[in-house]
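protein.cif, holding mmCIF, C-alpha atoms:
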```
data_data
#
loop_
_atom_site.label_atom_id
_atom_site.label_comp_id
_atom_site.auth_asym_id
_atom_site.auth_seq_id
_atom_site.Cartn_x
_atom_site.Cartn_y
_atom_site.Cartn_z
CA MET A 849 93.22 81.29 93.54
CA THR A 850 95.54 80.15 90.78
CA ALA A 851 94.40 76.96 89.09
CA SER A 852 91.60 75.90 91.44
CA THR A 853 87.96 76.12 90.39
CA ALA A 854 85.71 78.60 92.19
CA GLY A 855 84.35 76.93 95.27
CA GLU A 856 87.02 74.20 95.22
CA PRO A 857 89.50 74.73 98.08
CA HIS A 858 93.16 73.87 97.83
CA SER A 859 94.13 70.63 99.51
CA GLU A 860 95.94 70.86 102.81
CA ARG A 861 99.23 69.88 101.19
CA ASP A 862 98.94 72.97 98.97
CA ARG A 863 98.86 75.37 101.93
CA PHE A 864 101.57 76.69 104.16
CA ASP A 865 101.07 76.01 107.88
CA ARG A 866 100.13 79.18 109.75
CA ALA A 867 101.38 77.51 112.96
CA ALA A 868 99.12 79.74 115.05
CA ASP A 869 99.99 77.77 118.18
CA GLU A 870 103.55 79.13 118.01
CA ARG A 871 102.59 82.82 117.89
CA SER A 872 102.09 83.16 121.65
CA ARG A 873 105.77 82.51 122.39
CA PRO A 874 107.08 85.95 123.43
CA ASP A 875 110.59 85.27 122.13
CA LEU A 876 109.60 83.61 118.85
CA LEU A 877 110.33 86.51 116.49
CA THR A 878 113.61 87.32 118.21
CA GLN A 879 114.81 83.74 117.91
CA LEU A 880 113.70 83.31 114.31
CA ARG A 881 115.24 86.62 113.22
CA ALA A 882 118.55 85.38 114.64
CA ASP A 883 118.27 82.08 112.80
CA PRO A 884 119.93 82.21 109.34
CA ASP A 885 117.75 79.31 108.20
CA SER A 886 114.58 81.38 108.54
CA ARG A 887 113.09 82.49 105.23
CA VAL A 888 111.91 86.09 104.99
CA LEU A 889 109.31 87.38 102.54
CA VAL A 890 109.89 91.11 102.09
CA VAL A 891 106.85 93.11 100.94
CA ARG A 892 106.28 96.75 100.21
CA GLY A 893 102.59 97.49 99.91
CA ASP A 894 101.46 94.76 97.52
CA GLY A 895 104.87 94.53 95.82
CA LEU A 896 106.52 91.12 95.81
CA LEU A 897 110.03 90.07 94.84
CA LEU A 898 110.29 87.07 92.52
CA ASP A 899 113.10 84.59 91.99
CA ALA A 900 114.50 85.52 88.58
CA ASP A 901 116.45 82.27 88.31
CA ALA A 902 113.46 79.97 88.76
CA ASP A 903 111.88 78.14 85.82
CA SER A 904 108.44 79.30 86.96
CA VAL A 905 107.10 82.31 88.84
CA THR A 906 108.35 81.88 92.40
CA LEU A 907 108.59 84.15 95.42
CA ARG A 908 112.06 85.28 96.42
CA PHE A 909 112.99 84.80 100.07
CA VAL A 910 115.98 86.32 101.85
CA GLY A 911 117.79 85.72 105.11
CA PRO A 912 116.90 87.79 108.21
CA ALA A 913 120.28 89.54 108.15
CA GLU A 914 119.51 90.98 104.70
CA VAL A 915 116.63 93.11 105.99
CA ALA A 916 117.20 96.38 107.83
CA SER A 917 114.22 98.44 109.02
CA ALA A 918 110.84 96.71 108.74
CA GLU A 919 107.76 95.60 110.64
CA TRP A 920 108.16 91.91 111.40
CA ALA A 921 105.73 89.02 111.82
CA PHE A 922 105.76 85.25 111.92
CA LEU A 923 103.80 83.94 108.94
CA GLY A 924 104.10 80.25 109.76
CA ARG A 925 105.90 77.21 108.44
CA SER A 926 106.50 76.02 104.89
CA SER A 927 105.32 72.57 103.83
CA SER A 928 108.86 71.39 104.64
CA GLY A 929 108.83 72.97 108.11
CA GLU A 930 110.95 76.09 107.52
CA ALA A 931 110.09 79.22 109.49
CA LEU A 932 108.51 81.89 107.29
CA LEU A 933 108.81 85.52 108.37
CA LEU A 934 107.28 88.71 107.02
CA ALA A 935 109.26 91.94 106.73
CA ALA A 936 106.92 94.80 105.76
CA LEU A 937 108.81 97.81 104.44
CA ASP A 938 107.76 101.40 104.90
CA GLY A 939 106.26 102.62 101.64
CA SER A 940 108.20 105.90 101.82
CA ALA A 941 111.61 104.34 102.58
CA ASP A 942 114.28 103.71 99.99
CA ASP A 943 113.91 100.30 98.38
CA PRO A 944 116.84 99.08 96.28
CA HIS A 945 114.57 96.45 94.74
CA SER A 946 111.65 98.72 93.86
CA SER A 947 112.07 98.19 90.11
CA GLU A 948 112.03 94.41 90.61
CA ARG A 949 108.78 94.23 92.54
CA ARG A 950 105.58 93.07 90.90
CA PRO A 951 102.11 93.57 92.39
CA LEU A 952 100.15 90.68 93.84
CA ARG A 953 97.29 91.37 91.40
CA GLU A 954 99.68 90.70 88.53
CA VAL A 955 101.51 87.59 89.71
CA GLY A 956 99.09 85.89 92.11
CA GLY A 957 97.63 83.69 89.41
CA GLU A 958 101.06 82.47 88.33
CA LEU A 959 102.31 81.35 91.74
CA SER A 960 101.78 77.90 93.22
CA ALA A 961 98.80 77.42 95.54
CA GLU A 962 101.03 77.46 98.63
CA GLN A 963 102.87 80.59 97.55
CA THR A 964 99.65 82.35 96.57
CA ASP A 965 98.23 81.79 100.05
CA LEU A 966 101.49 82.98 101.56
CA ALA A 967 101.65 86.10 99.37
CA VAL A 968 98.05 87.13 100.10
CA THR A 969 98.62 86.66 103.84
CA ALA A 970 101.88 88.62 103.74
CA VAL A 971 100.40 91.56 101.84
CA ALA A 972 97.30 91.72 104.05
CA LEU A 973 99.21 91.43 107.33
CA GLY A 974 101.99 93.74 106.17
CA ARG A 975 99.56 96.51 105.27
CA TRP A 976 97.87 96.24 108.65
CA LEU A 977 101.19 96.35 110.48
CA ARG A 978 102.23 99.47 108.55
CA ASP A 979 98.91 101.30 108.37
CA HIS A 980 97.54 100.81 111.89
CA PRO A 981 100.31 101.36 114.48
CA HIS A 982 98.11 103.41 116.83
CA CYS A 983 95.12 102.59 119.02
CA SER A 984 91.89 103.57 117.25
CA PHE A 985 90.32 104.46 120.63
CA CYS A 986 92.92 106.64 122.37
CA GLY A 987 95.59 107.19 119.71
CA ALA A 988 98.50 105.74 121.67
CA ARG A 989 101.22 103.78 119.91
CA THR A 990 100.46 100.08 120.28
CA ASP A 991 102.79 97.18 121.08
CA LEU A 992 102.98 94.10 118.89
CA ARG A 993 101.74 90.83 120.34
CA GLU A 994 101.36 87.26 119.07
CA SER A 995 104.40 87.52 116.80
CA GLY A 996 102.85 90.31 114.75
CA TRP A 997 99.24 89.10 114.66
CA SER A 998 97.80 91.50 117.20
CA ARG A 999 98.50 94.81 118.91
CA ARG A 1000 97.92 95.90 122.49
CA CYS A 1001 97.48 99.49 123.56
CA PRO A 1002 99.69 100.24 126.60
CA ALA A 1003 97.52 103.23 127.50
CA CYS A 1004 93.99 101.83 127.53
CA GLY A 1005 94.67 98.10 127.29
CA ARG A 1006 92.61 97.47 124.18
CA LEU A 1007 93.56 94.67 121.80
CA HIS A 1008 93.59 95.19 118.04
CA PHE A 1009 93.63 92.58 115.30
CA PRO A 1010 94.02 92.67 111.51
CA ARG A 1011 90.73 93.73 109.96
CA THR A 1012 88.97 91.78 107.24
CA ASP A 1013 85.96 93.27 105.43
CA PRO A 1014 83.48 90.87 103.75
CA ALA A 1015 82.59 91.68 100.15
CA VAL A 1016 80.40 89.84 97.66
CA ILE A 1017 81.16 89.29 93.98
CA VAL A 1018 78.68 87.77 91.56
CA ALA A 1019 78.52 86.50 87.98
CA VAL A 1020 75.01 87.06 86.56
CA SER A 1021 73.52 84.91 83.78
CA SER A 1022 70.24 85.09 81.86
CA PRO A 1023 67.30 82.71 82.53
CA SER A 1024 66.11 82.68 78.92
CA ARG A 1025 69.59 82.76 77.36
CA PRO A 1026 71.84 80.82 79.77
CA ALA A 1027 74.78 81.15 77.37
CA GLU A 1028 74.94 84.89 78.07
CA LEU A 1029 76.78 86.51 80.96
CA LEU A 1030 76.25 90.04 82.31
CA LEU A 1031 79.40 91.97 83.16
CA GLY A 1032 80.08 95.60 83.98
CA SER A 1033 82.79 98.16 83.28
CA ASN A 1034 83.91 100.33 86.20
CA ALA A 1035 84.41 104.07 85.71
CA ALA A 1036 87.98 103.77 86.99
CA TRP A 1037 88.99 101.12 84.44
CA PRO A 1038 90.35 101.54 80.92
CA ALA A 1039 87.89 101.09 78.06
CA GLY A 1040 87.13 97.49 77.23
CA ARG A 1041 87.69 96.04 80.71
CA TYR A 1042 84.75 94.13 82.23
CA SER A 1043 84.21 92.08 85.34
CA CYS A 1044 81.64 90.67 87.75
CA PHE A 1045 79.65 92.92 90.06
CA ALA A 1046 81.00 93.36 93.57
CA GLY A 1047 80.65 95.41 96.72
CA PHE A 1048 81.12 95.41 100.48
CA VAL A 1049 78.60 93.87 102.84
CA GLU A 1050 76.87 96.57 104.88
CA ALA A 1051 76.35 96.49 108.65
CA GLY A 1052 73.63 94.02 109.61
CA GLU A 1053 73.30 92.69 106.06
CA SER A 1054 73.38 89.04 105.00
CA LEU A 1055 75.56 87.91 102.11
CA GLU A 1056 72.48 87.13 100.02
CA ASP A 1057 70.96 90.55 100.63
CA ALA A 1058 74.30 92.16 99.76
CA VAL A 1059 74.37 90.30 96.43
CA ARG A 1060 70.84 91.42 95.56
CA ARG A 1061 71.49 95.03 96.58
CA GLU A 1062 74.84 95.39 94.82
CA VAL A 1063 73.66 93.91 91.50
CA HIS A 1064 70.50 96.01 91.55
CA GLU A 1065 72.44 99.18 92.39
CA GLU A 1066 75.16 98.65 89.79
CA ALA A 1067 73.30 96.86 86.98
CA GLY A 1068 69.61 97.54 87.55
CA VAL A 1069 68.53 93.88 87.69
CA GLU A 1070 66.93 91.73 90.35
CA VAL A 1071 68.70 88.38 90.80
CA THR A 1072 67.48 84.96 91.87
CA GLU A 1073 68.93 81.46 92.19
CA LEU A 1074 71.94 82.58 94.19
CA ARG A 1075 74.66 79.93 94.54
CA TYR A 1076 77.71 80.38 96.73
CA ARG A 1077 80.84 79.31 94.83
CA GLY A 1078 83.81 80.04 97.06
CA SER A 1079 85.86 82.72 98.77
CA GLN A 1080 89.20 84.44 98.41
CA GLY A 1081 91.30 86.61 100.67
CA TRP A 1082 91.97 89.81 98.70
CA PRO A 1083 94.02 92.53 100.40
CA TYR A 1084 92.61 95.42 98.35
CA PRO A 1085 92.45 96.92 100.83
CA ARG A 1086 91.54 94.13 103.30
CA SER A 1087 88.70 92.15 101.78
CA LEU A 1088 87.37 88.63 101.97
CA MET A 1089 85.67 88.14 98.60
CA LEU A 1090 82.70 85.76 98.68
CA GLY A 1091 81.79 84.57 95.19
CA PHE A 1092 78.30 83.80 93.88
CA GLN A 1093 76.56 82.81 90.68
CA ALA A 1094 73.07 84.27 90.14
CA VAL A 1095 70.37 84.60 87.48
CA ALA A 1096 68.77 87.87 86.39
CA ALA A 1097 64.98 87.80 86.87
CA ARG A 1098 64.41 90.27 83.99
CA PRO A 1099 67.54 90.54 81.83
CA GLN A 1100 66.07 93.35 79.72
CA THR A 1101 66.17 95.76 82.68
CA ALA A 1102 69.99 95.75 82.85
CA ILE A 1103 71.37 99.28 82.92
CA ALA A 1104 74.54 100.78 84.39
CA ASP A 1105 74.24 103.08 87.39
CA GLY A 1106 76.23 105.68 85.44
CA GLU A 1107 78.49 106.49 88.36
CA GLU A 1108 80.55 103.53 89.56
CA ILE A 1109 79.56 101.34 86.59
CA VAL A 1110 79.57 103.14 83.25
CA GLU A 1111 78.49 100.22 81.06
CA VAL A 1112 76.82 96.83 81.46
CA ARG A 1113 76.77 94.31 78.67
CA TRP A 1114 75.48 90.80 77.96
CA PHE A 1115 78.30 88.65 76.54
CA SER A 1116 77.87 85.46 74.55
CA ARG A 1117 79.86 82.35 75.39
CA ASP A 1118 81.96 82.85 72.25
CA GLU A 1119 82.82 86.41 73.29
CA ILE A 1120 83.79 85.27 76.79
CA GLY A 1121 85.86 82.44 75.34
CA ALA A 1122 87.77 84.82 73.12
CA ALA A 1123 88.40 87.21 76.02
CA LEU A 1124 89.62 84.35 78.24
CA ALA A 1125 92.05 83.42 75.48
CA GLY A 1126 93.29 87.02 75.29
CA ALA A 1127 91.75 87.68 71.89
CA GLY A 1128 89.57 90.63 70.87
CA ASP A 1129 89.17 94.02 72.50
CA VAL A 1130 87.57 92.88 75.78
CA THR A 1131 89.76 92.52 78.88
CA LEU A 1132 88.68 90.28 81.76
CA PRO A 1133 90.05 90.12 85.33
CA GLY A 1134 93.46 88.55 85.79
CA PRO A 1135 93.93 84.91 86.82
CA ALA A 1136 94.71 85.85 90.42
CA SER A 1137 91.14 86.97 91.11
CA ILE A 1138 88.01 85.07 92.07
CA ALA A 1139 86.19 87.14 89.42
CA ARG A 1140 88.19 85.29 86.77
CA ARG A 1141 87.33 81.96 88.38
CA LEU A 1142 83.61 82.77 88.40
CA ILE A 1143 83.70 83.73 84.72
CA GLN A 1144 85.76 80.66 83.83
CA GLU A 1145 83.38 78.41 85.73
CA TRP A 1146 80.36 79.87 83.93
CA PHE A 1147 82.11 79.48 80.57
CA GLU A 1148 82.96 75.82 81.17
CA ALA A 1149 79.42 75.05 82.33
CA GLN A 1150 78.01 76.20 78.96
CA SER A 1151 80.03 73.68 76.92
#
```
Once more with this new file: its structure as C-alpha cells, please.
Amino acid sequence: MTASTAGEPHSERDRFDRAADERSRPDLLTQLRADPDSRVLVVRGDGLLLDADADSVTLRFVGPAEVASAEWAFLGRSSSGEALLLAALDGSADDPHSSERRPLREVGGELSAEQTDLAVTAVALGRWLRDHPHCSFCGARTDLRESGWSRRCPACGRLHFPRTDPAVIVAVSSPSRPAELLLGSNAAWPAGRYSCFAGFVEAGESLEDAVRREVHEEAGVEVTELRYRGSQGWPYPRSLMLGFQAVAARPQTAIADGEEIVEVRWFSRDEIGAALAGAGDVTLPGPASIARRLIQEWFEAQS
C-alpha cells in the first residue's frame, strides 16, 4: 500500500513484527493489558483514531487503562519492540471519539508502511472478533485462543480462525493502443468514479481463470497476457486482493454488464494522468488501494 509500487513488497524494516511465536502464551494478553507501556490501537469497524498533534498522518495509540469494554488481541511488536494491542469496540456502543475517527479507505494511503500494515491487520482482526463470536457448526459461544487469533468452541471442540477471501483485481490495456486503459464504473458509485475490474475467486477456480471470468462478465472482453503484480490485504469485508495487468484480445467488444458495472470506458494516458493529479471530472480509487497502484503503474509504463 502507500508509496510502494504494485508488486513491490515493503522491506522488512517497514513492517511491524507480528510476533506469532508469542501468541500461544495463555497469560500474554492479561500481562500486556496490565502493562502501562503497552500501546493499544482502538478500532471501531474500519474507523481509526489519528494523532492530531503529529506533523504527518499517524495512528493514535492509547494506554490499556484508557479502554473499557472491547474485544482484545495481541497484534505484535513495533519496530522498536513495544507491545501492540488491539481493542475492537462494539459498533453499537457509545464512542466518545466517533467524530474523530476516519475510515481506513480514506487514510490508509497517507500512513507509513508499518502503520498501514498495522491498521489493515487491526481492522481485519477486529471485525472478525466482533462479527464471529459463535461456532458456525453448533452455535455455541466460542472462547478466544492464541491471544485473539483463534477461537475454540467449548461445545464441539472446533477451532475457528479469521477468514480471508481471495479476490482478483485487474487493469486492462489495449493491444493495438497500449496507451489506453479500460476502467469501469460500479452501479453503487457516484457518477464519474472509475476503477479496475475485480471480483472474488470462486470455489475450485484458479486466479487466472477468475481474472478471465470477472473481466468478461463485467466488461465483455476476453483478456490475455496476464501478469501478476502484487497483493494487498483489504478488510472489505475480509479480502486478499491479488492484482494483475492484462491485455484485451478484442478491445472493441468492451461493454458493461449493465448490472454491477454501468459503464466501461477506454481512457487515454493524458486522461489518466489528469485524474491521478485530481483534475477533471473523473475520480480514481484512493491511494490506499491496490487499484490505484495498478493504474499508477500502467500510467508510468507509458511514459
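Atom CA of Phe1115 of chain A sits 15.8 Å away from atom CA of Arg1098 of chain A.
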Residues returned when the PyMOL selection byres ((chain A and resi 880-883) around 9) runs on this file, as a list in words: Asp875, Leu876, Leu877, Thr878, Gln879, Pro884, Asp885, Ser886, Val888, Gly911, Pro912, Ala913, Phe922, Ala931, Leu932 and Leu933 of chain A
Now that the selection is made, can you save its residues with C-alpha atoms as a PDB file, in the coordinates of the input?
```pdb
ATOM      1  CA  ASP A 875     110.590  85.270 122.130  1.00  0.00           C
ATOM      2  CA  LEU A 876     109.600  83.610 118.850  1.00  0.00           C
ATOM      3  CA  LEU A 877     110.330  86.510 116.490  1.00  0.00           C
ATOM      4  CA  THR A 878     113.610  87.320 118.210  1.00  0.00           C
ATOM      5  CA  GLN A 879     114.810  83.740 117.910  1.00  0.00           C
ATOM      6  CA  PRO A 884     119.930  82.210 109.340  1.00  0.00           C
ATOM      7  CA  ASP A 885     117.750  79.310 108.200  1.00  0.00           C
ATOM      8  CA  SER A 886     114.580  81.380 108.540  1.00  0.00           C
ATOM      9  CA  VAL A 888     111.910  86.090 104.990  1.00  0.00           C
ATOM     10  CA  GLY A 911     117.790  85.720 105.110  1.00  0.00           C
ATOM     11  CA  PRO A 912     116.900  87.790 108.210  1.00  0.00           C
ATOM     12  CA  ALA A 913     120.280  89.540 108.150  1.00  0.00           C
ATOM     13  CA  PHE A 922     105.760  85.250 111.920  1.00  0.00           C
ATOM     14  CA  ALA A 931     110.090  79.220 109.490  1.00  0.00           C
ATOM     15  CA  LEU A 932     108.510  81.890 107.290  1.00  0.00           C
ATOM     16  CA  LEU A 933     108.810  85.520 108.370  1.00  0.00           C
TER      17      LEU A 933
END
```
Hits of the PyMOL selection byres ((chain A and resi 1136) around 10) in this structure, as a list in words: Met849, Thr850, Ala851, Leu952, Arg953, Glu954, Val955, Gly956, Gly957, Glu958, Leu959, Thr964, Gln1080, Trp1082, Pro1133, Gly1134, Pro1135, Ser1137, Ile1138, Ala1139, Arg1140 and Arg1141 of chain A
Result set of the PyMOL selection byres ((chain A and resi 1101) around 9) on the coordinates above, as a list in words: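 So the PyMOL selection byres ((chain A and resi 1101) around 9), applied here, picks out Ala1067, Gly1068, Val1069, Glu1070, Arg1098, Pro1099, Gln1100, Ala1102 and Ile1103 of chain A.
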Selected residue, from A:Asp901, A:Asp894, A:Glu914, A:Asp1105, that lies nearest to Trp976 of chain A when counting only C-alpha atoms: A:Asp894
Top pick for closest residue to Val1049 of chain A, considering A:Val1071, A:Ser1079, A:Gln1150, A:Asp1013 and counting all atoms listed in the file: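 Looking at the shortest contact to Val1049 of chain A, the residue is A:Asp1013.
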Coordinates-based distance that separates atom CA of Gly1081 of chain A from atom CA of Glu1028 of chain A (Å, one decimal):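 Computing it gives 28.0 Å between the two atoms.
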Around all the atoms of segment 1062-1081 of chain A listed in the file, draw an axis-aligned box and extend it by 5 Å on each of the six sides; I want its centre and edge lengths in Å to one decimal, as AutoDock Vina command-line options.
```
--center_x 79.1 --center_y 89.2 --center_z 93.8 --size_x 34.4 --size_y 29.9 --size_z 23.7
```
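If you look at atom CA of Leu923 of chain A and atom CA of Ala1003 of chain A, they are 27.5 Å away from each other.
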Close residues, His1008 of chain A itself excluded, 10 Å, all atoms listed in the file, min 4 positions apart in chain, as a PyMOL selection string: chain A and resi 980-984+990-993+997-1001
Which of A:His945, A:Arg925, A:Arg1077, A:Arg1113 sits closest to Ala868 of chain A [using only C-alpha atoms]: A:Arg925
Nearest-residue call for Val890 of chain A, choices A:Ile1017, A:Ala918, A:Leu1030, A:Cys986, using only C-alpha atoms: A:Ala918
Surrounding residues of Ile1120 of chain A excluding itself and chain neighbours under 6 positions, 10 Å, only C-alpha atoms, as a list of chain:residue names: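 Here the answer would be A:Ala1027, A:Glu1028, A:Leu1029, A:Gly1126, A:Ala1127, A:Gly1128, A:Val1130, A:Thr1131, A:Leu1132, A:Ile1143, A:Gln1144, A:Trp1146, A:Phe1147.
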Among the residues A:Ser928, A:Arg950, A:Pro944, A:Asp1118, the one that comes closest to Arg908 of chain A [using only C-alpha atoms]: A:Arg950
Close residues, segment 969-974 of chain A itself excluded, 9 Å, only C-alpha atoms, min 2 positions apart in chain, as a ChimeraX atom specification: /A:889-896,919-921,923,933-937,952,964-967,976-979,996-997,1010,1012,1081-1087
Set the distance at 8 Å and use all atoms listed in the file: which residues neighbour Leu898 of chain A once local chain neighbours fewer than 5 positions away are removed? I'd like the list as a PDB file with C-alpha atoms, in the coordinates of the input.
```pdb
ATOM      1  CA  VAL A 905     107.100  82.310  88.840  1.00  0.00           C
ATOM      2  CA  THR A 906     108.350  81.880  92.400  1.00  0.00           C
ATOM      3  CA  LEU A 907     108.590  84.150  95.420  1.00  0.00           C
ATOM      4  CA  ARG A 908     112.060  85.280  96.420  1.00  0.00           C
ATOM      5  CA  GLU A 948     112.030  94.410  90.610  1.00  0.00           C
ATOM      6  CA  ARG A 949     108.780  94.230  92.540  1.00  0.00           C
ATOM      7  CA  ARG A 950     105.580  93.070  90.900  1.00  0.00           C
TER       8      ARG A 950
END
```
Reconstructed segment 905-917 of chain A, atom set N, CA, C and O atoms, as a PDB file, in the frame of the given file:
```pdb
ATOM      1  N   VAL A 905     107.251  81.150  87.953  1.00  0.00           N
ATOM      2  CA  VAL A 905     107.100  82.310  88.840  1.00  0.00           C
ATOM      3  C   VAL A 905     107.130  81.839  90.288  1.00  0.00           C
ATOM      4  O   VAL A 905     106.276  81.052  90.716  1.00  0.00           O
ATOM      5  N   THR A 906     108.118  82.325  91.030  1.00  0.00           N
ATOM      6  CA  THR A 906     108.350  81.880  92.400  1.00  0.00           C
ATOM      7  C   THR A 906     108.726  83.063  93.273  1.00  0.00           C
ATOM      8  O   THR A 906     109.491  83.933  92.847  1.00  0.00           O
ATOM      9  N   LEU A 907     108.225  83.094  94.493  1.00  0.00           N
ATOM     10  CA  LEU A 907     108.590  84.150  95.420  1.00  0.00           C
ATOM     11  C   LEU A 907     110.057  84.061  95.790  1.00  0.00           C
ATOM     12  O   LEU A 907     110.616  82.973  95.926  1.00  0.00           O
ATOM     13  N   ARG A 908     110.683  85.230  95.971  1.00  0.00           N
ATOM     14  CA  ARG A 908     112.060  85.280  96.420  1.00  0.00           C
ATOM     15  C   ARG A 908     112.090  85.509  97.931  1.00  0.00           C
ATOM     16  O   ARG A 908     111.492  86.458  98.437  1.00  0.00           O
ATOM     17  N   PHE A 909     112.806  84.651  98.627  1.00  0.00           N
ATOM     18  CA  PHE A 909     112.990  84.800 100.070  1.00  0.00           C
ATOM     19  C   PHE A 909     114.431  85.218 100.332  1.00  0.00           C
ATOM     20  O   PHE A 909     115.333  84.906  99.560  1.00  0.00           O
ATOM     21  N   VAL A 910     114.636  85.914 101.454  1.00  0.00           N
ATOM     22  CA  VAL A 910     115.980  86.320 101.850  1.00  0.00           C
ATOM     23  C   VAL A 910     116.218  85.877 103.280  1.00  0.00           C
ATOM     24  O   VAL A 910     115.298  85.430 103.987  1.00  0.00           O
ATOM     25  N   GLY A 911     117.463  86.015 103.726  1.00  0.00           N
ATOM     26  CA  GLY A 911     117.790  85.720 105.110  1.00  0.00           C
ATOM     27  C   GLY A 911     117.478  86.911 106.005  1.00  0.00           C
ATOM     28  O   GLY A 911     117.459  88.058 105.552  1.00  0.00           O
ATOM     29  N   PRO A 912     117.218  86.690 107.291  1.00  0.00           N
ATOM     30  CA  PRO A 912     116.900  87.790 108.210  1.00  0.00           C
ATOM     31  C   PRO A 912     117.942  88.890 108.228  1.00  0.00           C
ATOM     32  O   PRO A 912     117.605  90.071 108.353  1.00  0.00           O
ATOM     33  N   ALA A 913     119.206  88.539 108.078  1.00  0.00           N
ATOM     34  CA  ALA A 913     120.280  89.540 108.150  1.00  0.00           C
ATOM     35  C   ALA A 913     120.268  90.485 106.963  1.00  0.00           C
ATOM     36  O   ALA A 913     120.906  91.546 107.014  1.00  0.00           O
ATOM     37  N   GLU A 914     119.546  90.148 105.898  1.00  0.00           N
ATOM     38  CA  GLU A 914     119.510  90.980 104.700  1.00  0.00           C
ATOM     39  C   GLU A 914     118.485  92.094 104.783  1.00  0.00           C
ATOM     40  O   GLU A 914     118.412  92.933 103.887  1.00  0.00           O
ATOM     41  N   VAL A 915     117.689  92.118 105.858  1.00  0.00           N
ATOM     42  CA  VAL A 915     116.630  93.110 105.990  1.00  0.00           C
ATOM     43  C   VAL A 915     116.997  94.078 107.110  1.00  0.00           C
ATOM     44  O   VAL A 915     117.347  93.656 108.216  1.00  0.00           O
ATOM     45  N   ALA A 916     116.889  95.367 106.814  1.00  0.00           N
ATOM     46  CA  ALA A 916     117.200  96.380 107.830  1.00  0.00           C
ATOM     47  C   ALA A 916     115.923  96.766 108.570  1.00  0.00           C
ATOM     48  O   ALA A 916     115.393  96.006 109.364  1.00  0.00           O
ATOM     49  N   SER A 917     115.389  97.942 108.308  1.00  0.00           N
ATOM     50  CA  SER A 917     114.220  98.440 109.020  1.00  0.00           C
ATOM     51  C   SER A 917     112.933  97.908 108.404  1.00  0.00           C
ATOM     52  O   SER A 917     112.700  98.052 107.198  1.00  0.00           O
TER      53      SER A 917
END
```
